[in-house]
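A quick write-up on the structure given underneath.
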Amino acid sequence: MPSNAGTTRLVIVESPAKAKTISGYLGPGYVVEASFGHVRDLPRNAADVPAKYKGEPWARLGVDVDNGFQALYVVSVDRKQQINKLVKLAKEVDEIFLATDEDREGEAIAWHLVETLKPKVPVKRMVFHEITKPAIQAAVANPREIDRDLVDAQEARRILDRLYGYEVSPVLWKKVMPKLSAGRVQSVATRIVVERERQRMAFRTAEYWDILATLAVASAGEGPRTFNATLIALNGDRIATGKDFEPTTGRVRAGAGVVHLDEGGARGLAARLEGRPFTVTRVEEKPYRRRPYAPFITSTLQQEAARKLRFSSQQTMRTAQRLYENGYITYMRTDSVNLSETAIAAARRQIVELYGERSVPPEPRRYTGKVKNAQEAHEAIRPAGDNFRTPGDVAKELSGEEFKLYELIWRRTIASQMTDAVGSSVSVRIRAVSSSSEEADFGATGKTITDPGFLRAYVESSDDENAEAEDAERRLPTLVKDQPLTADELAAQGHHTQPPSRYTEASLVKALEELGIGRPSTYASIMQTIQDRGYVTKRGQAMIPTFLAFAVIGLLERHYPRLIDYDFTASMENELDEIAGGEHAAVDFLTSFYFGSTNGTGDRAIAHAGGLKKLVTENVSEIDARSVNSIPLFTDDEGREVVVRVGRYGPYLQRAVPGEQPAAPAEGEEGGGQGDRAPIPEGVAPDELTPEKVHELFLGGGGERKLGDDPATGEPIVLKSGRFGPYVASGERKSSLLRSQTPDSLTFDEALKLLSLPRLVGVAPDGVEVFANNGRYGPYVKRGDEFRSLDSEDKMFTVTLDEALALLAAPKARQRRAAAPPLREMGNDPLTEKPLVIKDGRFGPYVTDGETNASLRRAQTPEALTLEEASEMLAEKRAKGPAPKKAAAKKAAPAKKTAAKKTAAATKSTAAKKTTTAKATTAKKAPAKKAAPRKANSTTE
């Protein structure tokens, strides 16, 4: 599209990939440059606050709450170079087009660009929902002004999240653990996952039985000869199924009026029905019709990509971003199911080409969104352009992930404009009378699809992996009332009720969407945040809350219930929508929320409580940290209360009789506790801490257990568990278990051998003692400062002095490892032009430019990391500066040699005493640490 003669225009987009694509669609006279996302934000920490504001009381928040909630915005260190480049370009052009994304986030970025660049030339807002040549040309030809209502809504959201995070997080630091974060949506999402785990922990399974009959017709005709039917009633009373049991007791619900068959009852009834005649008592046939699904919105795309492709939410959105920026799909952050007339026409044309005229309904399909608080007026996610490219057309152009996601979007879009799937469904009742005159009713259902319609293109998956696919058929023989049947087999089958399934990323996004919490642009980041903060871990697709999450949510529920209330959180989304629509002022909303003013749109319950500020500053001292960090499990058979404690070194079990005197803490654990302790192994989910599992952990996993008395000293030998695993102790002697040993199988004799370490092997000719011991890297022998590894743990107890001296005399085996090739070469950093590579390091993969390294975050993979993400990670690392070096520890003066030789046990005992004394002295002299500067991790939703 040619520019006006002599006119130069600067088009600013968000990413280099988008800039590259768009620049190909614009003619001479257009300069397309990227902002690299957000250009300004609230200060991340104290170092970001400009010197002139450091003395202000509101500087820690970055928001002047007493002056209309004026925000203090600073340009990110890693963006300054690019901003300088944009400022220079803005002075050289005649017009500026801000082509950031068409949503609140994009609108805010456009406003920040104007505020930062301060251009002297006309500025226009350019919007589009797909990056194709016609769409870009239309956007240039039809610009608009920046929508200040959308900007105000986004700014209010950002300030709201900052206030929430910076005011609530310090309470968690004081009462739970340092460096934790709270967030308006993050905490609610965590609560949803915790509540589901609580349901699983309270769940009590129930067993129930029924009978599966394999029935046969005398003449098969066109259908199958045999089919299966399940016992559904006995003497007119319904047979109990899973839904009839109380989930917390495992008993049949009161008033259910059902027959609960156990194994004996089911097998006995099956035996009494052997050889008895079966008769069809009822046949009901109904037409079957299934309408196609609406095109994808952000949440449904994440859900289906998780189910079908096993993509995480982040992975889905990263891949969709690449597809959008390269012109393959429309904008991927939307909650609209609408398709444009052009898109509908393109879909219908392609359906005719691929599936024939009969697969297109007479009238185009229109969809109405069901999302609560739908925000944006975009199209649904669909293939870009006026003529859709089939997956076959783009297969050679896309990576594996991109192709899979494009095909999913293409199929869903095409299917949304196809005919219904039609067929018939049949329900059959069959009765048999047992030899004891019991009337047993069996039921069977069938489904036949006569025209699959849209199912030819797309079948939606279910969160229930055992659910039947929608295109599956169940064919029954042709049956009529009073038709006789014979039973080829009668099999009693048992079932167990199942606890509610854990959330997956897909189902959690769906739950948030149904509650009206969060927005399309936030779902993926919320899924990532609750994992990065250590509140949720993943086992396969299942999301499991940590005990840390239980402690955090427990505190918020008890002391700030409104802040994680589902309706309240959704109502804030409503109020932000009203600000975006120009119906309310952002400052009134923020004032009501923070100070409690009832003049405005803020929540009245918060207002009456005095607002957020009062809520989190008053009565904090009354929050009992020990209670908050204790998760009750049950009372065992001996009357001891079993709880999980969230400690500095991880969660652990504790049990004690109520009122029992405090016992000494276990090695490495907090003091002031009561009763036995046992660590909880990593990977154990909260609902897996059954009485049986807890008993096992206390016996074999680290609960204090006496093994006997040392015959030499008379002191008890005890098996314990500490921060670094199980160990044995007797008096002041301690020794960790060997790799080949387990706590539950450790014998008294093995414990004695362990306590003999370090073992004095003998004295070298020069008078220096030689020891054998077990260390961090395995068994070894030691003479002075010389160490050599032993090839087995047994050798620690059998190695002779001659063997040890021979090992120590041999040179150390050193093998310089060749530098491993990088895992991936990424290209040049868009900011520094340095080549970026991903390498495998000691602590996992990391990206580097040769000078700065940044570890990949959880859920990031070397294959999926984009160049832009890598550049941003390194820029953040450079902005933080080098890590402070630890002061070198002063060497203690060498101890004088004593004439008398000491035994190994005595040597270790003396060293332990000195260490204890040194620690106590250091603790007395050490000054109190200053509070760490507030980090940005408490500002997320």
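Going by the structure tokens order, chains are called A, B, ..., each with residues numbered from 1, while ligands are numbered from 1 in the order shown.
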
I want to know what sits within 9 Å of A:Ala764, based on only C-alpha atoms, with residues of the same chain fewer than 4 positions away left out; could you give that as a CSV table (one decimal) with N, CA and C atoms, in the first residue's frame?
```
chain,number,residue,atom,x,y,z
A,768,VAL,N,50.2,-39.7,60.7
A,768,VAL,CA,48.9,-39.1,60.4
A,768,VAL,C,47.8,-40.2,60.4
A,769,GLU,N,46.7,-39.9,61.0
A,769,GLU,CA,45.6,-40.9,61.0
A,769,GLU,C,44.9,-41.0,59.7
A,770,VAL,N,44.5,-42.2,59.4
A,770,VAL,CA,43.7,-42.5,58.1
A,770,VAL,C,42.3,-42.9,58.5
A,783,ARG,N,43.3,-39.0,54.5
A,783,ARG,CA,44.6,-38.8,55.3
A,783,ARG,C,45.0,-37.3,55.2
A,801,LEU,N,44.6,-50.7,56.2
A,801,LEU,CA,45.5,-49.5,56.1
A,801,LEU,C,46.3,-49.6,54.8
A,805,LEU,N,46.3,-46.7,52.0
A,805,LEU,CA,47.5,-46.0,51.7
A,805,LEU,C,47.8,-46.1,50.2
```

Find the spatial neighbours of A:Val394, counting only C-alpha atoms, within a cut-off of 12 Å - ignore same-chain residues fewer than 4 positions away - and output them as number ranges by chain. A: 323, 326-329, 383, 388-390, 398-400, 402-407, 410

When you look at A:Tyr652 with a cut-off of 10 Å (counting only C-alpha atoms), what residues show up, excluding the ones that are within fewer than 2 positions of it in the same chain? I need them as a list in words.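 The filter keeps Phe547, Ser630, Val643, Val644, Arg645, Val646, Gly647, Tyr649, Gly650, Gln654, Glu669, Arg677, Ala678, Pro679, Ile680, Pro681 and Gly702 of chain A.
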
Polymer residues at most 7 Å from stretch 527-531 of chain A, only C-alpha atoms, same-chain spacing of 6 or more positions, as a list in words: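 Near stretch 527-531 of chain A, the qualifying residues are Gln186, Thr190, Ser313, Glu505 and Thr537 of chain A.
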
Residue set, stretch 363-586 of chain A restricted to alpha helix (DSSP H), as a ChimeraX atom specification: /A:391-394,400-415,505-515,523-532,547-559,566-580,586

Quick one: everything within 10 Å of stretch 482-486 of chain A, counting only C-alpha atoms, minus sequence neighbours fewer than 5 positions away in the same chain. Send it as a list of chain:residue names. A:Ala213, A:Thr214, A:Leu215, A:Ala216, A:Val217, A:Ala218, A:Thr226, A:Glu274, A:Gly275, A:Arg276, A:Pro277, A:Phe278, A:Thr279, A:Val280, A:Thr281, A:Arg282, A:Val283, A:Ile430, A:Arg431, A:Ala432

Keeping only all heavy atoms, write the selected residues to a file as a compact mmCIF listing (two decimals), in the first residue's frame.
```
# COMPACT_ATOMS: atom_id res chain seq x y z
N ALA A 213 -25.05 -58.56 32.03
CA ALA A 213 -25.60 -59.71 31.31
C ALA A 213 -25.25 -59.61 29.83
O ALA A 213 -25.42 -58.54 29.22
CB ALA A 213 -27.11 -59.77 31.48
N THR A 214 -24.75 -60.69 29.26
CA THR A 214 -24.56 -60.78 27.81
C THR A 214 -25.77 -61.52 27.26
O THR A 214 -25.93 -62.73 27.48
CB THR A 214 -23.26 -61.53 27.46
OG1 THR A 214 -22.16 -60.86 28.08
CG2 THR A 214 -23.05 -61.57 25.96
N LEU A 215 -26.65 -60.79 26.58
CA LEU A 215 -27.92 -61.34 26.11
C LEU A 215 -27.88 -61.57 24.61
O LEU A 215 -27.17 -60.87 23.88
CB LEU A 215 -29.06 -60.38 26.46
CG LEU A 215 -29.18 -60.02 27.96
CD1 LEU A 215 -30.27 -58.98 28.17
CD2 LEU A 215 -29.46 -61.27 28.79
N ALA A 216 -28.65 -62.57 24.19
CA ALA A 216 -28.66 -62.95 22.78
C ALA A 216 -30.08 -63.06 22.26
O ALA A 216 -31.01 -63.42 23.00
CB ALA A 216 -27.92 -64.29 22.60
N VAL A 217 -30.23 -62.71 20.98
CA VAL A 217 -31.52 -62.87 20.30
C VAL A 217 -31.48 -64.16 19.49
O VAL A 217 -30.41 -64.66 19.12
CB VAL A 217 -31.81 -61.67 19.37
CG1 VAL A 217 -31.96 -60.40 20.17
CG2 VAL A 217 -30.71 -61.51 18.34
N ALA A 218 -32.64 -64.70 19.21
CA ALA A 218 -32.70 -65.96 18.47
C ALA A 218 -32.22 -65.78 17.05
O ALA A 218 -31.50 -66.62 16.49
CB ALA A 218 -34.13 -66.51 18.50
N THR A 226 -25.64 -60.50 19.83
CA THR A 226 -25.58 -60.32 21.28
C THR A 226 -25.36 -58.85 21.63
O THR A 226 -24.88 -58.07 20.81
CB THR A 226 -24.44 -61.14 21.90
OG1 THR A 226 -23.19 -60.70 21.37
CG2 THR A 226 -24.62 -62.64 21.61
N GLU A 274 -29.35 -67.76 36.49
CA GLU A 274 -28.81 -68.68 35.48
C GLU A 274 -29.93 -69.55 34.91
O GLU A 274 -30.71 -70.17 35.65
CB GLU A 274 -27.74 -69.59 36.10
CG GLU A 274 -26.41 -68.91 36.36
CD GLU A 274 -25.62 -68.68 35.08
OE1 GLU A 274 -26.01 -69.23 34.03
OE2 GLU A 274 -24.63 -67.92 35.14
N GLY A 275 -29.99 -69.59 33.60
CA GLY A 275 -30.97 -70.44 32.91
C GLY A 275 -32.38 -69.90 32.90
O GLY A 275 -33.29 -70.54 32.33
N ARG A 276 -32.62 -68.73 33.50
CA ARG A 276 -33.97 -68.16 33.53
C ARG A 276 -34.23 -67.38 32.24
O ARG A 276 -33.32 -66.84 31.62
CB ARG A 276 -34.12 -67.22 34.73
CG ARG A 276 -33.73 -67.82 36.04
CD ARG A 276 -34.64 -68.97 36.44
NE ARG A 276 -36.01 -68.52 36.69
CZ ARG A 276 -37.02 -69.31 37.01
NH1 ARG A 276 -36.84 -70.64 37.07
NH2 ARG A 276 -38.23 -68.84 37.24
N PRO A 277 -35.49 -67.29 31.78
CA PRO A 277 -35.80 -66.56 30.55
C PRO A 277 -35.76 -65.04 30.77
O PRO A 277 -36.11 -64.55 31.84
CB PRO A 277 -37.22 -67.02 30.23
CG PRO A 277 -37.80 -67.42 31.56
CD PRO A 277 -36.66 -67.98 32.36
N PHE A 278 -35.29 -64.34 29.76
CA PHE A 278 -35.27 -62.87 29.76
C PHE A 278 -36.23 -62.37 28.70
O PHE A 278 -36.30 -62.94 27.59
CB PHE A 278 -33.86 -62.36 29.47
CG PHE A 278 -32.89 -62.48 30.63
CD1 PHE A 278 -32.44 -63.73 31.05
CD2 PHE A 278 -32.47 -61.35 31.29
CE1 PHE A 278 -31.56 -63.83 32.10
CE2 PHE A 278 -31.58 -61.45 32.36
CZ PHE A 278 -31.13 -62.69 32.77
N THR A 279 -36.94 -61.27 29.01
CA THR A 279 -37.96 -60.75 28.09
C THR A 279 -37.84 -59.24 27.97
O THR A 279 -37.67 -58.54 28.98
CB THR A 279 -39.38 -61.09 28.59
OG1 THR A 279 -39.46 -62.50 28.81
CG2 THR A 279 -40.43 -60.67 27.58
N VAL A 280 -37.95 -58.75 26.75
CA VAL A 280 -37.94 -57.30 26.53
C VAL A 280 -39.26 -56.73 27.02
O VAL A 280 -40.34 -57.18 26.60
CB VAL A 280 -37.75 -56.98 25.04
CG1 VAL A 280 -37.84 -55.46 24.81
CG2 VAL A 280 -36.42 -57.52 24.53
N THR A 281 -39.20 -55.75 27.91
CA THR A 281 -40.43 -55.15 28.45
C THR A 281 -40.72 -53.77 27.89
O THR A 281 -41.86 -53.31 27.93
CB THR A 281 -40.33 -55.04 29.99
OG1 THR A 281 -39.19 -54.25 30.33
CG2 THR A 281 -40.20 -56.43 30.62
N ARG A 282 -39.67 -53.11 27.36
CA ARG A 282 -39.93 -51.77 26.81
C ARG A 282 -38.83 -51.41 25.82
O ARG A 282 -37.65 -51.69 26.05
CB ARG A 282 -39.95 -50.74 27.94
CG ARG A 282 -40.41 -49.34 27.50
CD ARG A 282 -40.48 -48.40 28.68
NE ARG A 282 -39.14 -48.01 29.13
CZ ARG A 282 -38.88 -47.50 30.34
NH1 ARG A 282 -39.87 -47.36 31.21
NH2 ARG A 282 -37.66 -47.17 30.68
N VAL A 283 -39.23 -50.78 24.71
CA VAL A 283 -38.28 -50.28 23.72
C VAL A 283 -38.67 -48.84 23.38
O VAL A 283 -39.79 -48.59 22.94
CB VAL A 283 -38.26 -51.13 22.44
CG1 VAL A 283 -37.29 -50.54 21.43
CG2 VAL A 283 -37.91 -52.58 22.74
N ILE A 430 -35.25 -54.88 30.01
CA ILE A 430 -35.41 -56.34 29.94
C ILE A 430 -35.63 -56.85 31.36
O ILE A 430 -35.00 -56.37 32.31
CB ILE A 430 -34.15 -57.00 29.33
CG1 ILE A 430 -33.86 -56.43 27.94
CG2 ILE A 430 -34.28 -58.51 29.28
CD1 ILE A 430 -32.59 -55.65 27.87
N ARG A 431 -36.50 -57.85 31.50
CA ARG A 431 -36.79 -58.39 32.83
C ARG A 431 -36.56 -59.89 32.85
O ARG A 431 -36.83 -60.60 31.88
CB ARG A 431 -38.21 -58.08 33.27
CG ARG A 431 -38.62 -58.68 34.62
CD ARG A 431 -39.94 -58.13 35.10
NE ARG A 431 -39.82 -56.70 35.40
CZ ARG A 431 -40.86 -55.92 35.76
NH1 ARG A 431 -42.08 -56.45 35.82
NH2 ARG A 431 -40.68 -54.65 36.01
N ALA A 432 -36.08 -60.37 34.01
CA ALA A 432 -35.96 -61.80 34.27
C ALA A 432 -36.40 -62.05 35.70
O ALA A 432 -36.19 -61.20 36.58
CB ALA A 432 -34.52 -62.27 34.06
```

Which residues of stretch 320-398 of chain A sit at most 9 Å from stretch 438-455 of chain A, using only C-alpha atoms? Give each one's shortest atom pair and distance in Å (one decimal place), in chain and ascending residue order, as CSV.
```
residue,atom,partner,partner_atom,distance
A:Arg358,CA,A:Gly453,CA,8.6
A:Ser359,CA,A:Gly453,CA,6.0
A:Val360,CA,A:Gly453,CA,8.7
```

How would the residues just picked look written out with N, CA and C atoms as a PDB file, in the first residue's frame?
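Output contents, as saved in result-v9.pdb:
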```pdb
ATOM      1  N   ARG A 358     -24.073 -31.413   0.734  1.00  0.00           N
ATOM      2  CA  ARG A 358     -24.975 -31.864   1.801  1.00  0.00           C
ATOM      3  C   ARG A 358     -24.439 -31.531   3.193  1.00  0.00           C
ATOM      4  N   SER A 359     -23.152 -31.226   3.315  1.00  0.00           N
ATOM      5  CA  SER A 359     -22.563 -30.953   4.629  1.00  0.00           C
ATOM      6  C   SER A 359     -22.697 -29.495   5.054  1.00  0.00           C
ATOM      7  N   VAL A 360     -23.302 -28.651   4.190  1.00  0.00           N
ATOM      8  CA  VAL A 360     -23.480 -27.234   4.518  1.00  0.00           C
ATOM      9  C   VAL A 360     -24.955 -26.974   4.800  1.00  0.00           C
TER      10      VAL A 360
END
```

Give the answer as one residue: which of A:Tyr25, A:Tyr560, A:Phe245, A:Phe748 has the shortest atom-to-atom distance to A:Val168, using only C-alpha atoms?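 For A:Val168, the nearest of the given residues is A:Tyr560.
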
Kindly indicate which residue among A:Arg198, A:Arg411, A:Lys706, A:Arg290 lies nearest to A:Val718, using only C-alpha atoms for the distances.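 Among A:Arg198, A:Arg411, A:Lys706, A:Arg290, it is A:Lys706 that comes nearest to A:Val718.
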
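Nearest to A:Ala59 of all the residues A:Tyr355, A:Tyr166, A:Phe595, A:Phe36 is A:Tyr166, counting only C-alpha atoms.
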
Taking the backbone alone, and naming residues the way the document does, which bits of stretch 23-267 of chain A are strand (DSSP E or B) by DSSP, as an NGL selection string? :A and (30-34 or 40-41 or 63-64 or 70-71 or 74-75 or 95-98 or 123-125 or 130 or 144 or 207-216 or 226-234 or 237-239 or 245 or 252 or 258-259)

Record the distance separating atom CA of A:Gly714 and atom CA of A:Ser735, expressed in Å with one decimal.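 Separating atom CA of A:Gly714 from atom CA of A:Ser735 is a distance of 17.7 Å.
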
Atom CA of A:Gly356 to atom CA of A:Asp420 measures 14.4 Å

Take atom CA of A:Asp687 and atom CA of A:Arg200 and report the distance between them in Å, one decimal. 5.9 Å

Within 9 Å of stretch 67-83 of chain A, counting only C-alpha atoms, which residues qualify if same-chain residues fewer than 2 places away don't, as number ranges by chain? A: 34-36, 38-43, 48-50, 59, 61-65, 85-88, 113, 116-117, 155, 159, 587-588, 590-591, 831, 872, 874-876, 878-879

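Shell of stretch 173-179 of chain A at 8 Å, with only C-alpha atoms counted and residues fewer than 2 places along the chain excluded, is Ser169, Pro170, Val171, Ser181, Ala551, Val552, Ile623, Asp624, Ala625, Val628, Asn629, Val646 and Arg648 of chain A.
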
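Proximity of A:Val694, A:Ile109, A:Ser592, A:Lys834 to A:Glu641, computed with only C-alpha atoms, is greatest for A:Val694.
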